[in-house]
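Coordinates from final-v8.txt are shown below (compact mmCIF, C-alpha atoms).
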# COMPACT_ATOMS: atom_id res chain seq x y z
CA VAL A 1 19.23 -13.36 1.88
CA GLU A 2 16.27 -13.96 -0.44
CA VAL A 3 13.63 -11.96 1.43
CA GLU A 4 10.14 -11.57 0.02
CA PHE A 5 7.04 -9.46 0.56
CA TYR A 6 4.48 -10.67 3.07
CA GLY A 7 0.90 -9.81 4.00
CA HIS A 8 -1.70 -7.53 2.41
CA LEU A 9 0.56 -6.12 -0.32
CA ILE A 10 0.60 -9.50 -2.05
CA ALA A 11 -2.98 -10.53 -1.24
CA GLY A 12 -4.03 -9.73 -4.83
CA ASP A 13 -2.53 -9.02 -8.23
CA SER A 14 -1.65 -5.49 -7.09
CA PHE A 15 -2.16 -3.16 -4.16
CA ALA A 16 -3.71 0.29 -3.79
CA THR A 17 -3.56 2.89 -1.06
CA ASN A 18 -4.92 6.37 -0.41
CA GLN A 19 -2.94 6.93 2.80
CA ASP A 20 0.21 8.97 3.50
CA THR A 21 2.04 5.94 4.89
CA LEU A 22 2.18 2.34 3.69
CA GLU A 23 2.93 -0.61 5.94
CA VAL A 24 5.34 -3.01 4.24
CA ALA A 25 5.92 -6.46 5.72
CA ILE A 26 8.60 -8.89 4.61
CA LEU A 27 9.39 -12.54 5.26
CA ASN A 28 12.83 -13.71 6.37
CA PRO A 29 13.14 -17.24 4.93
CA GLU A 30 16.02 -18.04 7.29
CA ASN A 31 13.83 -17.62 10.38
CA GLN A 32 10.80 -19.83 9.73
CA VAL A 33 9.34 -22.82 11.54
CA VAL A 34 9.36 -25.53 8.88
CA GLU A 35 9.58 -29.31 8.73
CA TYR A 36 13.12 -29.33 7.35
CA TYR A 37 16.21 -27.81 8.95
CA ASN A 38 16.12 -24.07 9.41
CA ALA A 39 18.83 -22.00 11.07
CA ARG A 40 16.24 -19.61 12.60
CA THR A 41 18.60 -16.70 12.03
CA ALA A 42 17.18 -13.20 12.45
CA LEU A 43 18.24 -10.49 9.99
CA GLU A 44 20.02 -8.53 12.72
CA ASP A 45 22.24 -11.57 13.42
CA MET A 46 23.39 -12.03 9.82
CA THR A 47 26.92 -10.67 9.91
CA ASN A 48 27.37 -10.49 6.13
CA LEU A 49 24.04 -8.72 5.60
CA ASP A 50 24.29 -4.92 5.52
CA ALA A 51 20.73 -3.90 4.70
CA VAL A 52 17.35 -4.91 3.28
CA LYS A 53 15.70 -1.95 1.56
CA ILE A 54 12.53 -1.09 -0.32
CA GLU A 55 13.05 0.36 -3.79
CA TYR A 56 10.45 1.89 -6.10
CA ARG A 57 9.98 3.53 -9.48
CA LYS A 58 7.05 4.60 -11.64
CA VAL A 59 5.82 1.83 -13.94
CA THR A 60 6.50 4.12 -16.91
CA ALA A 61 10.20 4.05 -15.99
CA ARG A 62 10.33 0.32 -16.78
CA SER A 63 10.46 0.75 -20.55
CA ALA A 64 13.21 3.36 -20.25
CA ASN A 65 15.07 1.15 -17.75
CA LEU A 66 15.35 4.06 -15.34
CA GLY A 67 16.79 3.62 -11.87
CA TRP A 68 15.16 2.74 -8.58
CA THR A 69 14.81 4.96 -5.51
CA PRO A 70 15.17 3.71 -1.90
CA ALA A 71 12.05 4.20 0.21
CA ILE A 72 12.08 6.61 3.15
CA GLY A 73 10.46 5.82 6.50
CA THR A 74 8.43 8.06 8.78
CA ASP A 75 11.71 9.02 10.50
CA ASN A 76 12.94 10.52 7.19
CA GLN A 77 15.65 7.83 6.93
CA VAL A 78 16.10 5.11 4.30
CA ILE A 79 14.21 2.04 5.47
CA ASN A 80 16.49 -0.82 6.51
CA PHE A 81 14.62 -3.91 7.67
CA LYS A 82 17.72 -5.16 9.46
CA GLN A 83 17.08 -2.43 12.02
CA GLN A 84 13.40 -3.37 12.51
CA GLU A 85 11.95 -5.68 15.13
CA GLU A 86 11.57 -9.26 13.90
CA VAL A 87 8.74 -11.51 15.15
CA GLU A 88 8.71 -15.13 13.96
CA GLY A 89 10.57 -14.18 10.79
CA ILE A 90 8.24 -11.25 9.94
CA LEU A 91 9.48 -7.66 9.85
CA ARG A 92 7.42 -4.51 9.27
CA ALA A 93 8.24 -0.93 8.32
CA TYR A 94 6.22 2.16 7.46
CA TRP A 95 7.01 3.82 4.16
CA ASP A 96 6.35 7.57 4.00
CA ILE A 97 4.57 8.11 0.66
CA SER A 98 3.10 11.51 1.54
CA ARG A 99 5.36 13.34 -0.93
CA LEU A 100 5.03 10.88 -3.80
CA PRO A 101 2.74 11.93 -6.66
CA ASP A 102 -0.30 9.78 -7.36
CA PHE A 103 0.76 7.12 -9.84
CA GLU A 104 1.32 3.41 -10.39
CA TYR A 105 4.63 2.19 -8.98
CA GLU A 106 6.81 -0.89 -9.12
CA VAL A 107 8.14 -1.87 -5.70
CA ARG A 108 10.84 -4.41 -4.88
CA LEU A 109 13.11 -5.49 -2.03
CA LYS A 110 16.89 -5.25 -2.21
CA SER A 111 19.31 -7.17 0.03
CA GLU A 112 22.82 -5.75 0.30
CA CYS A 113 25.62 -8.01 1.53
CA MET A 114 29.33 -7.39 2.10
CA GLU A 115 29.11 -3.93 0.52
CA GLY A 116 32.61 -3.12 1.71
CA SER A 117 34.16 -6.07 -0.14
CA LEU A 118 35.08 -5.06 -3.68
CA ALA A 119 36.57 -8.51 -4.27
CA VAL A 120 33.07 -9.96 -4.54
CA PRO A 121 31.11 -8.98 -7.71
CA ALA A 122 28.10 -6.72 -7.13
CA LYS A 123 25.68 -9.31 -8.53
CA LEU A 124 26.77 -11.69 -5.77
CA ARG A 125 26.45 -9.03 -3.06
CA GLN A 126 22.91 -7.98 -3.97
CA TYR A 127 19.57 -9.77 -4.22
CA TYR A 128 16.37 -8.32 -5.71
CA SER A 129 12.89 -9.68 -5.06
CA GLU A 130 10.27 -9.92 -7.77
CA PRO A 131 8.66 -6.46 -8.09
CA ILE A 132 5.02 -5.88 -7.24
CA VAL A 133 2.84 -3.14 -8.73
CA GLY A 134 0.69 -0.78 -6.71
CA LEU A 135 -1.38 2.36 -7.11
CA ILE A 136 -0.79 5.34 -4.85
CA ASP A 137 -3.85 7.58 -5.08
CA LYS A 138 -4.10 10.04 -2.20
CA THR A 139 -6.36 12.50 -4.04
CA ALA A 140 -10.01 11.94 -3.18
CA PRO A 141 -12.54 12.01 -6.05
CA LYS A 142 -14.48 15.26 -6.44
CA VAL A 143 -18.12 15.76 -7.31
CA PHE A 144 -18.56 16.53 -11.01
CA GLY A 145 -21.36 18.98 -11.76
CA PHE A 146 -24.42 19.05 -9.51
CA PRO A 147 -26.32 16.13 -7.96
CA GLN A 148 -29.50 15.38 -9.88
CA PRO A 149 -32.27 16.29 -9.46
CA THR A 150 -31.43 19.69 -8.02
CA ILE A 151 -35.03 20.37 -6.95
CA ASN A 152 -38.15 18.39 -6.03
CA LEU A 153 -36.40 15.41 -4.45
CA TYR A 154 -38.89 13.33 -2.50
CA PRO A 155 -38.36 10.46 -0.01
CA GLY A 156 -37.69 7.29 -1.98
CA ASP A 157 -36.44 9.12 -5.10
CA PRO A 158 -32.86 8.44 -6.31
CA LEU A 159 -30.26 11.20 -6.04
CA THR A 160 -27.52 10.80 -8.65
CA VAL A 161 -24.01 12.10 -7.93
CA GLU A 162 -21.20 11.92 -10.51
CA PHE A 163 -17.48 12.14 -9.73
CA ASP A 164 -14.44 13.16 -11.73
CA GLU A 165 -12.95 9.64 -11.59
CA ASP A 166 -14.13 6.05 -11.32
CA LEU A 167 -15.02 4.82 -7.84
CA GLU A 168 -14.23 1.46 -6.26
CA CYS A 169 -17.62 -0.25 -6.44
CA GLU A 170 -16.64 -3.55 -4.85
CA GLN A 171 -18.83 -4.37 -1.85
CA PRO A 172 -18.80 -3.78 1.04
CA PHE A 173 -18.57 -0.11 0.09
CA LEU A 174 -15.81 1.94 1.70
CA ALA A 175 -17.70 5.14 0.91
CA ARG A 176 -20.14 6.67 3.38
CA ALA A 177 -22.98 9.03 2.47
CA THR A 178 -24.94 11.49 4.60
CA ILE A 179 -27.84 13.74 3.61
CA GLU A 180 -28.97 16.70 5.70
CA VAL A 181 -32.35 18.29 5.09
CA THR A 182 -33.13 21.90 5.98
CA ASP A 183 -35.53 22.23 8.93
CA LEU A 184 -35.00 18.60 10.01
CA LEU A 185 -32.90 17.90 13.10
CA ASN A 186 -31.88 14.38 12.09
CA SER A 187 -29.61 13.58 9.16
CA PHE A 188 -29.82 10.42 7.04
CA ASP A 189 -26.85 8.17 6.34
CA SER A 190 -25.83 4.88 4.74
CA TYR A 191 -23.70 3.40 7.51
CA SER A 192 -24.92 3.87 11.11
CA ASN A 193 -27.63 1.17 10.86
CA ALA A 194 -26.50 -1.81 8.80
CA LEU A 195 -29.83 -3.64 9.09
CA SER A 196 -32.11 -0.73 8.18
CA GLN A 197 -30.21 1.94 6.26
CA ASP A 198 -31.66 5.43 5.84
CA LEU A 199 -29.83 5.68 2.51
CA LEU A 200 -29.19 2.90 0.02
CA LEU A 201 -25.95 3.35 -1.93
CA VAL A 202 -25.82 2.14 -5.52
CA CYS A 203 -22.42 2.38 -7.21
CA SER A 204 -21.94 1.97 -10.97
Can I see the file as structure tokens?
Amino acid sequence: VEVEFYGHLIAGDSFATNQDTLEVAILNPENQVVEYYNARTALEDMTNLDAVKIEYRKVTARSANLGWTPAIGTDNQVINFKQQEEVEGILRAYWDISRLPDFEYEVRLKSECMEGSLAVPAKLRQYYSEPIVGLIDKTAPKVFGFPQPTINLYPGDPLTVEFDEDLECEQPFLARATIEVTDLLNSFDSYSNALSQDLLLVCS
């Protein structure tokens, strides 16, 4: 079955995550409401289909033509979408990426059919989706040096903070900032009051 990725992973040219798990959704083309004839067959009812898996490799492995690794779910088992609940042709699984190093990865789907039949060539028993590329970056940026100025900061003055890696500066900002001042009970932040912010974030 020619399954394909669905949802936020393919919303742009690539995806990025800083979480320990990644939701992966796929589309079953044989179970869609369309104008032409459709069998509306769920993956679990496809008798010749053994599994639909997620496979991944580092993008640097592409040039060396290195192998792919099956993705593991939060239950520590290889993800098989045939075992997942299907709703209107959409299936979802959660990929445990907590032990993967931060890097750019290629990710693809693999359908396995009639794996026990050696009479059928492997290329006819397997289907691979087009790979997508994504960045796994679970390590938060760290402050580089000291915020400037280090003394004599007055209300209305800018406070500059540098980090050890580039930040995502697309608005609306995902980052939140809070400043606490000695001898003052109230802190100042950039997020609790959207209409009148105590702090104005400028990212560059």
Of the listed residues A:Ile97, A:Leu159, A:Val143, A:Ala51, that which approaches A:Ile179 most closely, counting all atoms listed in the file: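 Nearest to A:Ile179: A:Leu159.
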For stretch 31-35 of chain A: contacts at 10 Å, only C-alpha atoms, fewer than 6 positions along chain excluded, given as a PyMOL selection string: chain A and resi 41-43+86-90
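By chain and then residue number, the residues within 8 Å of A:Glu130 are Glu4, Arg108 and Leu109 of chain A, counting all atoms listed in the file and disregarding those fewer than 3 positions away in sequence.
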Between A:Pro141, A:Pro70, A:Pro147, A:Pro155, which is the closest to A:Glu168 once you count all atoms listed in the file?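 Smallest distance to A:Glu168 is found for A:Pro141.
Taking only C-alpha atoms into account, A:Trp68 lies nearest to A:Pro131 out of the set A:Pro131, A:Pro101, A:Pro121, A:Gly7.
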Residues near A:Pro158, cut-off 10 Å, all atoms listed in the file, skip fewer than 4 positions along chain, as a VMD selection string: chain A and resid 148 to 149 153 to 154 199 to 202
Report the distance between atom CA of A:Ala25 and atom CA of A:Thr47 in Å, rounded to one decimal place. 21.8 Å
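Proximity of A:Val78, A:Ile151, A:Val59, A:Val24 to A:Tyr105, computed with all atoms listed in the file, is greatest for A:Val59.
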Using all atoms listed in the file, which residue out of A:Thr17, A:Glu44, A:Ser187, A:Thr182 lies closest to A:Ala140?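 Ranked by minimum distance to A:Ala140, first place goes to A:Thr17.
With atom CA of A:Asn76 on one side and atom CA of A:Tyr94 on the other, the separation reads 10.7 Å.
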In Å, how far is it from atom CA of A:Phe188 to atom CA of A:Thr150?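 Atom CA of A:Phe188 sits 17.8 Å away from atom CA of A:Thr150.
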Find the residues with any atom within 12 Å of (-6.9, 13.1, -7.2); use only C-alpha atoms and the coordinates as given in the file, and write the answer as a PDB file with C-alpha atoms, in the coordinates of the input.
ATOM      1  CA  ASN A  18      -4.920   6.370  -0.410  1.00  0.00           C
ATOM      2  CA  PRO A 101       2.740  11.930  -6.660  1.00  0.00           C
ATOM      3  CA  ASP A 102      -0.300   9.780  -7.360  1.00  0.00           C
ATOM      4  CA  PHE A 103       0.760   7.120  -9.840  1.00  0.00           C
ATOM      5  CA  ILE A 136      -0.790   5.340  -4.850  1.00  0.00           C
ATOM      6  CA  ASP A 137      -3.850   7.580  -5.080  1.00  0.00           C
ATOM      7  CA  LYS A 138      -4.100  10.040  -2.200  1.00  0.00           C
ATOM      8  CA  THR A 139      -6.360  12.500  -4.040  1.00  0.00           C
ATOM      9  CA  ALA A 140     -10.010  11.940  -3.180  1.00  0.00           C
ATOM     10  CA  PRO A 141     -12.540  12.010  -6.050  1.00  0.00           C
ATOM     11  CA  LYS A 142     -14.480  15.260  -6.440  1.00  0.00           C
ATOM     12  CA  VAL A 143     -18.120  15.760  -7.310  1.00  0.00           C
ATOM     13  CA  PHE A 163     -17.480  12.140  -9.730  1.00  0.00           C
ATOM     14  CA  ASP A 164     -14.440  13.160 -11.730  1.00  0.00           C
ATOM     15  CA  GLU A 165     -12.950   9.640 -11.590  1.00  0.00           C
ATOM     16  CA  ASP A 166     -14.130   6.050 -11.320  1.00  0.00           C
ATOM     17  CA  LEU A 167     -15.020   4.820  -7.840  1.00  0.00           C
TER      18      LEU A 167
END
Can you tell me which residues surround A:Ile54 at a distance of at most 10 Å, considering all atoms listed in the file, apart from same-chain residues fewer than 6 positions away, and format the answer as a list in words?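 So the residues in contact are Val24, Trp68, Thr69, Pro70, Ala71, Ile72, Gly73, Val78, Ile79, Asn80, Phe81, Ala93, Trp95, Val107, Arg108, Leu109, Lys110, Ser111, Tyr128 and Ser129 of chain A.
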Pick out the closest residue to A:Asn48 from this set: A:Ala16, A:Ala64, A:Leu135, A:Val1. Count all atoms listed in the file.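 Using all atoms listed in the file, the shortest distance to A:Asn48 belongs to A:Val1.
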Would you mind exporting stretch 101-174 of chain A with C-alpha atoms, as a short mmCIF file (atom, residue, chain, number, x, y, z; two decimals), in the first residue's frame?
data_model
loop_
_atom_site.label_atom_id
_atom_site.label_comp_id
_atom_site.auth_asym_id
_atom_site.auth_seq_id
_atom_site.Cartn_x
_atom_site.Cartn_y
_atom_site.Cartn_z
CA PRO A 101 21.51 12.49 19.13
CA ASP A 102 20.66 15.98 17.90
CA PHE A 103 21.06 15.95 14.13
CA GLU A 104 19.28 16.25 10.80
CA TYR A 105 17.54 13.05 9.76
CA GLU A 106 15.86 11.59 6.71
CA VAL A 107 12.59 9.85 7.55
CA ARG A 108 10.50 7.60 5.32
CA LEU A 109 7.66 5.08 5.50
CA LYS A 110 8.07 1.43 4.56
CA SER A 111 5.21 -0.94 3.69
CA GLU A 112 5.98 -4.65 3.99
CA CYS A 113 3.73 -7.13 2.19
CA MET A 114 3.78 -10.93 1.97
CA GLU A 115 7.13 -11.10 3.80
CA GLY A 116 6.79 -14.85 4.15
CA SER A 117 6.53 -15.41 0.39
CA LEU A 118 9.98 -15.81 -1.12
CA ALA A 119 8.43 -16.45 -4.52
CA VAL A 120 7.65 -12.74 -4.84
CA PRO A 121 10.69 -10.44 -5.37
CA ALA A 122 11.49 -8.11 -2.47
CA LYS A 123 10.96 -5.00 -4.61
CA LEU A 124 7.36 -6.11 -5.16
CA ARG A 125 6.80 -6.84 -1.47
CA GLN A 126 8.04 -3.47 -0.21
CA TYR A 127 7.04 0.14 -0.82
CA TYR A 128 8.99 3.21 0.31
CA SER A 129 7.53 6.70 0.59
CA GLU A 130 9.45 9.78 -0.43
CA PRO A 131 11.74 10.71 2.50
CA ILE A 132 11.29 13.94 4.42
CA VAL A 133 14.05 15.77 6.28
CA GLY A 134 13.79 16.99 9.85
CA LEU A 135 15.94 18.43 12.61
CA ILE A 136 15.96 16.84 16.04
CA ASP A 137 17.39 19.38 18.48
CA LYS A 138 16.58 18.58 22.10
CA THR A 139 19.45 20.62 23.56
CA ALA A 140 18.31 24.08 24.62
CA PRO A 141 20.54 27.05 23.72
CA LYS A 142 22.75 28.34 26.53
CA VAL A 143 23.62 31.91 27.41
CA PHE A 144 27.02 32.89 26.01
CA GLY A 145 29.00 35.24 28.23
CA PHE A 146 27.13 37.74 30.41
CA PRO A 147 24.08 39.84 29.57
CA GLN A 148 25.05 43.42 28.76
CA PRO A 149 25.16 45.82 30.45
CA THR A 150 26.09 44.06 33.68
CA ILE A 151 25.53 47.19 35.80
CA ASN A 152 23.49 50.40 35.65
CA LEU A 153 20.50 49.00 33.78
CA TYR A 154 17.60 51.44 33.98
CA PRO A 155 13.90 51.02 33.05
CA GLY A 156 13.58 51.37 29.29
CA ASP A 157 17.21 50.41 28.57
CA PRO A 158 17.89 47.34 26.37
CA LEU A 159 19.43 44.24 27.94
CA THR A 160 21.36 42.19 25.39
CA VAL A 161 21.70 38.41 25.84
CA GLU A 162 23.74 36.25 23.46
CA PHE A 163 23.38 32.48 23.05
CA ASP A 164 25.70 29.73 21.87
CA GLU A 165 23.51 28.97 18.82
CA ASP A 166 21.08 30.77 16.53
CA LEU A 167 17.54 31.20 17.82
CA GLU A 168 14.28 30.79 15.91
CA CYS A 169 13.27 34.43 15.42
CA GLU A 170 10.04 33.83 13.52
CA GLN A 171 7.09 35.52 15.21
CA PRO A 172 5.14 34.83 17.31
CA PHE A 173 8.12 34.06 19.53
CA LEU A 174 8.17 30.70 21.28
#
